[in-house]
Amino acid sequence: MNSQTTAAAPRAIDWRASITGGALILLALVIAFLLDSPWDSVSTFKISRPRDVWVVGHLTLPSQWFTTIAAVVLAFLGTRLFLKGGGRWTTLSLAVALVILAMAFLVWATAGKSISLTGMLQATVVRAVPIALAALGGILCERVGVINIAIEGMLLAGAFAGALFGSLMGGWAGIICAMLIGGVFGLLLAVLVITYRVDQIIAGVVINLFVLGLTSYVSSQVFAEFRWLNKATPFRAFKIPVLGDIPLVGPVLFNQNLFVYGALILVTLSTYYLFHTRFGLRARAVGEHPRAADTLGIDVIKTRYAHVIAAGMVAGFGGAWFTLGSVGRFDENMTFGRGFIGLAAMIFGRWHPLGALAAALIFGFADSLQQKLSILNTPIPSEFLSMAPYIATIVVVAGLVGQARPPAAIGKPYVKD
Amino acid sequence: MTRAPSDTAPDAAPDAAPDTAPDTDSRLRALLAPTIATRGDLREVVLIPLLAVFLALVIGALIMMATSVAPATILKSFVAMADGSLGSMNAISETLTASIPLVMAGLGIGLAFRAGLFNIGAEGQMVVGGLATAIAAFSFTGLPMILHLPLALLIGMSVGAVYAAIAGVLRATTGAHEVISTIMLNLISFRLLDYLLRQPYIQKEGRADPISRAVLETAELPRLLTFLDPNLRLHLGLFIMLAAVAIVWWLLFRSKLGFAFRISGENPGAARYAGIRAGLTVVLAMAIAGALAGLAGATQVSGVLGRATPGFTAGIGFDAIAVALLGRSHPVGILLAGLLFGALEAGGRQMQVDAGVSIDMISIIQALIIIFVAAPLLIKRLFPPLFRNRVTAGGGHE
């Protein structure tokens, strides 16, 4: 049996690398043949606004040269994956390829025009927030061995609670209630999968259906009649003194709203917690080998409960972004699969908070790119542009599963002898 | 976090550990016993779903109370629900009509389940299947009905199958989990639908909004009960649904392919041991699941809606997940669960009209039913007297 599995492993990796490689070559061809612009056209990226403290000049790139070089690099990466297999370079190649692809589209779309690079990166960070927080929730669960498909529902519940309680009691109370409601659904998931040993994926899917039904019901039953219950004041961006004046970096990182700062802090904290504290080590032990952890006196059940509830709270905070971080109003099913994209970011980031953040930024970039491209009047239909993040998710999941190793005890209930 | 990747390939199932392999005899015996629904514990199979429905209705009433619906209205809404699902000929026709796509998509999900795959993409497969049927149904002119109708349905089925097979191929070749890829394919299919419905060939002439041309009469599923009342919507899809139940039952429990599906789902290690090609099984199971979901979308377009519009699947593909879970992935169970959910759907519409309670209440009740069905231990703990001797004697399949 054992020899069979080891024999099967390299073949599986070859497949994955060839499919990913093939996809990259295809994309290179798309860039080379479809993204045409005159050789003398220039794409202009504005960095500073005229009234900024330090003004930096525009960045200009020759459009056609850039896309040609991008196509060549993509073709090279694709061919390499196709011929030599991925190995440990797959993640990096894929990340580089996705970034190059997005940049090539951007440069092509701005050929002969100009666009604010700072604004675009700012939007990238903002849009990465819910994805990063969803991924963080996923990591906290999966590191202790619980699959959390319910992240999507927890985001939706957080968005809903943020709008409702934000309208009733103000923004801060909205955030706290969103986290509490997220925690409640974390608790529900924990009860179902840890105590009652329901299949983890089924439990997650059912929680998603339940939250979708509940929030849609309340919004059509109650919000439609009492509009003031769904009218929260969103948090505004605030600039951190001095740091916020740095060109490019300042507006992108230090002139944002609470959710961006919160996400960055949570990612840092959980990285420190998981990899540099005793409790984090214990949590990871529970996810890798619960029986061994139990033997050493770690309470597996309690650890799992605590982390799943914490994950629910993180996701609830991420969900509040949709309402309190942007428009202040809840709409049915407004998360649109962001929770699942977060799970893909978690895999892309190899179950590490920093990796997940990086992955979320790539998805956020794709997201803000499609928005910018539709403003720039490109001939690509907007529906296809809005598919981009979903296609990227499939490519990432297909290209990386098996490369990235999930915690060993994932998906299995723990039964104490 | 760096360990040798050899023991981590996703298709190397955890239960394929070397210490369980040699005892083939007992393993084979275990395989022959159907594990998802055993005949022995009939009480569990019948009682748990009934109690689940009861509890879900009670909690649904509590949620209505929490959203300040008056008790009289709650009572009225339950009466309306019963009336709208079973109270008249029209109600029964509506119940059956609503259950047709639920059962067919549910069969697909249940079949994939048996093969160890979680197909959340039924909604997207219905979208592409239904759209393909709509296009076929207005494109081929001059064909007699006997050719046109089956052709249109078949095209919908095949497109659904191909769309689902994408997730199957990705799973088989790269190990990408089908839950994530099918959800992404769902989202992609919605955008694709919005785009295609605006294309000049598909869009209805003279309309600015995304709506397809109407299905030709030769590709419409004939209505069954028009001799009683021309408004009854029940259509020929009812028989297609019953045939699908029978075929899936035969496929799962009497055919070689179904055996391969079930072994792969229950014990991937044993399946490989028995020489079953894991990759091919995954792709075929997904393709058949997608064909059934595509057929569900196709009958919805050609039997009920008459055209494709944005969001024409109305979440049926997601409700079908619940149907498959409630039916415990058994074709007959799925038929019964589909009828129940069809009744809830039809009753819910009546409830919205009569009592003014939003139809979204129905999705809450459906999700609650599944939570309780998926957690039999929870129900046993809530109603201990009903299960006392069974729990101590058999211990169930927990």
# chains A, B, ... in the order shown; residues from 1 in each chain; ligands from 1
>>> residues_around(residues="Ala398 in chain A", least_positions_apart="3", cutoff="6 Å", atoms="only C-alpha atoms", output="list of chain:residue names")
A:Ile394, A:Val395, B:Thr174, B:Ala176
>>> write_last_selection(atoms="C-alpha atoms", output="short mmCIF file (atom, residue, chain, number, x, y, z; two decimals), in the first residue's frame")
data_model
loop_
_atom_site.label_atom_id
_atom_site.label_comp_id
_atom_site.auth_asym_id
_atom_site.auth_seq_id
_atom_site.Cartn_x
_atom_site.Cartn_y
_atom_site.Cartn_z
CA ILE A 394 -9.74 27.65 -9.58
CA VAL A 395 -6.26 28.02 -11.09
CA THR B 174 -4.68 17.94 -9.66
CA ALA B 176 -8.33 20.47 -6.41
#
>>> residues_around(residues="Ala237 in chain A", least_positions_apart="4", cutoff="8 Å", atoms="only C-alpha atoms", output="PyMOL selection string")
chain A and resi 255-258
>>> residues_around(residues="Arg213 in chain B", least_positions_apart="4", cutoff="12 Å", atoms="only C-alpha atoms", output="list in words")
Leu131, Thr133, Ala134, Ile135, Ala136, Ala137, Phe138, Ser139, Leu196, Leu197, Arg198, Gln199, Pro200, Tyr201, Ile202, Gln203, Lys204, Glu205, Gly206, Arg207, Asp209, Val301, Leu305, Gly306, Arg307, Ala308 and Thr309 of chain B
>>> residues_around(residues="Leu81 in chain A", least_positions_apart="2", cutoff="8 Å", atoms="only C-alpha atoms", output="NGL selection string")
:A and (17-18 or 20-21 or 77-79 or 83-86 or 90)
>>> write_last_selection(atoms="C-alpha atoms", output="CSV table (one decimal), in the first residue's frame")
chain,number,residue,atom,x,y,z
A,17,ALA,CA,2.3,21.1,-13.2
A,18,SER,CA,1.4,20.4,-16.8
A,20,THR,CA,-1.0,24.8,-14.7
A,21,GLY,CA,1.9,25.2,-17.2
A,77,LEU,CA,7.2,30.1,-16.7
A,78,GLY,CA,4.5,28.0,-18.3
A,79,THR,CA,7.0,26.0,-20.4
A,83,LEU,CA,8.4,20.4,-19.1
A,84,LYS,CA,10.1,20.1,-15.8
A,85,GLY,CA,7.3,19.8,-13.4
A,86,GLY,CA,6.6,22.2,-10.6
A,90,THR,CA,5.1,26.1,-8.3
>>> select_by_dssp(residues="range 283-376 of chain A", states="alpha helix (DSSP H)", output="ChimeraX atom specification")
/A:283-288,290-295,300-322,338-348,353-375
>>> atom_distance(atom1="CA of Ile149 in chain A", atom2="CA of Val267 in chain A")
20.0 Å
>>> closest_atom_pairs(of="chain B", to="chain A", cutoff="7 Å", atoms="only C-alpha atoms", output="JSON lines")
{"residue": "B:Ser6", "atom": "CA", "partner": "A:Thr6", "partner_atom": "CA", "distance": 5.5}
{"residue": "B:Thr8", "atom": "CA", "partner": "A:Arg405", "partner_atom": "CA", "distance": 6.6}
{"residue": "B:Ala9", "atom": "CA", "partner": "A:Gly402", "partner_atom": "CA", "distance": 5.6}
{"residue": "B:Pro10", "atom": "CA", "partner": "A:Gly402", "partner_atom": "CA", "distance": 6.3}
{"residue": "B:Ala12", "atom": "CA", "partner": "A:Thr5", "partner_atom": "CA", "distance": 6.3}
{"residue": "B:Pro18", "atom": "CA", "partner": "A:Met1", "partner_atom": "CA", "distance": 5.9}
{"residue": "B:Leu170", "atom": "CA", "partner": "A:Ala398", "partner_atom": "CA", "distance": 6.3}
{"residue": "B:Thr173", "atom": "CA", "partner": "A:Trp15", "partner_atom": "CA", "distance": 5.8}
{"residue": "B:Thr174", "atom": "CA", "partner": "A:Arg16", "partner_atom": "CA", "distance": 4.7}
{"residue": "B:Gly175", "atom": "CA", "partner": "A:Val401", "partner_atom": "CA", "distance": 6.1}
{"residue": "B:Ala176", "atom": "CA", "partner": "A:Ala398", "partner_atom": "CA", "distance": 4.6}
{"residue": "B:Ile180", "atom": "CA", "partner": "A:Phe340", "partner_atom": "CA", "distance": 6.6}
{"residue": "B:Ser181", "atom": "CA", "partner": "A:Ile394", "partner_atom": "CA", "distance": 5.7}
{"residue": "B:Met184", "atom": "CA", "partner": "A:Tyr390", "partner_atom": "CA", "distance": 5.4}
{"residue": "B:Ile188", "atom": "CA", "partner": "A:Met387", "partner_atom": "CA", "distance": 5.6}
{"residue": "B:Arg191", "atom": "CA", "partner": "A:Glu383", "partner_atom": "CA", "distance": 5.3}
{"residue": "B:Leu192", "atom": "CA", "partner": "A:Glu383", "partner_atom": "CA", "distance": 6.8}
{"residue": "B:Tyr195", "atom": "CA", "partner": "A:Glu383", "partner_atom": "CA", "distance": 6.0}
{"residue": "B:Val357", "atom": "CA", "partner": "A:Gln221", "partner_atom": "CA", "distance": 6.8}
{"residue": "B:Ser358", "atom": "CA", "partner": "A:Gln221", "partner_atom": "CA", "distance": 5.7}
{"residue": "B:Asp360", "atom": "CA", "partner": "A:Tyr217", "partner_atom": "CA", "distance": 4.6}
{"residue": "B:Met361", "atom": "CA", "partner": "A:Tyr217", "partner_atom": "CA", "distance": 5.7}
{"residue": "B:Ser363", "atom": "CA", "partner": "A:Gly213", "partner_atom": "CA", "distance": 4.9}
{"residue": "B:Ile364", "atom": "CA", "partner": "A:Gly213", "partner_atom": "CA", "distance": 4.8}
{"residue": "B:Ala367", "atom": "CA", "partner": "A:Phe210", "partner_atom": "CA", "distance": 5.0}
{"residue": "B:Leu368", "atom": "CA", "partner": "A:Phe210", "partner_atom": "CA", "distance": 6.9}
{"residue": "B:Ile370", "atom": "CA", "partner": "A:Val206", "partner_atom": "CA", "distance": 6.9}
{"residue": "B:Ile371", "atom": "CA", "partner": "A:Val206", "partner_atom": "CA", "distance": 6.5}
{"residue": "B:Ala374", "atom": "CA", "partner": "A:Val198", "partner_atom": "CA", "distance": 6.1}
{"residue": "B:Ala375", "atom": "CA", "partner": "A:Val198", "partner_atom": "CA", "distance": 5.7}
{"residue": "B:Leu377", "atom": "CA", "partner": "A:Tyr196", "partner_atom": "CA", "distance": 6.1}
{"residue": "B:Leu378", "atom": "CA", "partner": "A:Tyr196", "partner_atom": "CA", "distance": 6.6}
>>> closest_residue(among="B:Ile92, B:Val127, B:Ala61, B:Leu51", to="Gly290 in chain B", atoms="only C-alpha atoms")
B:Val127
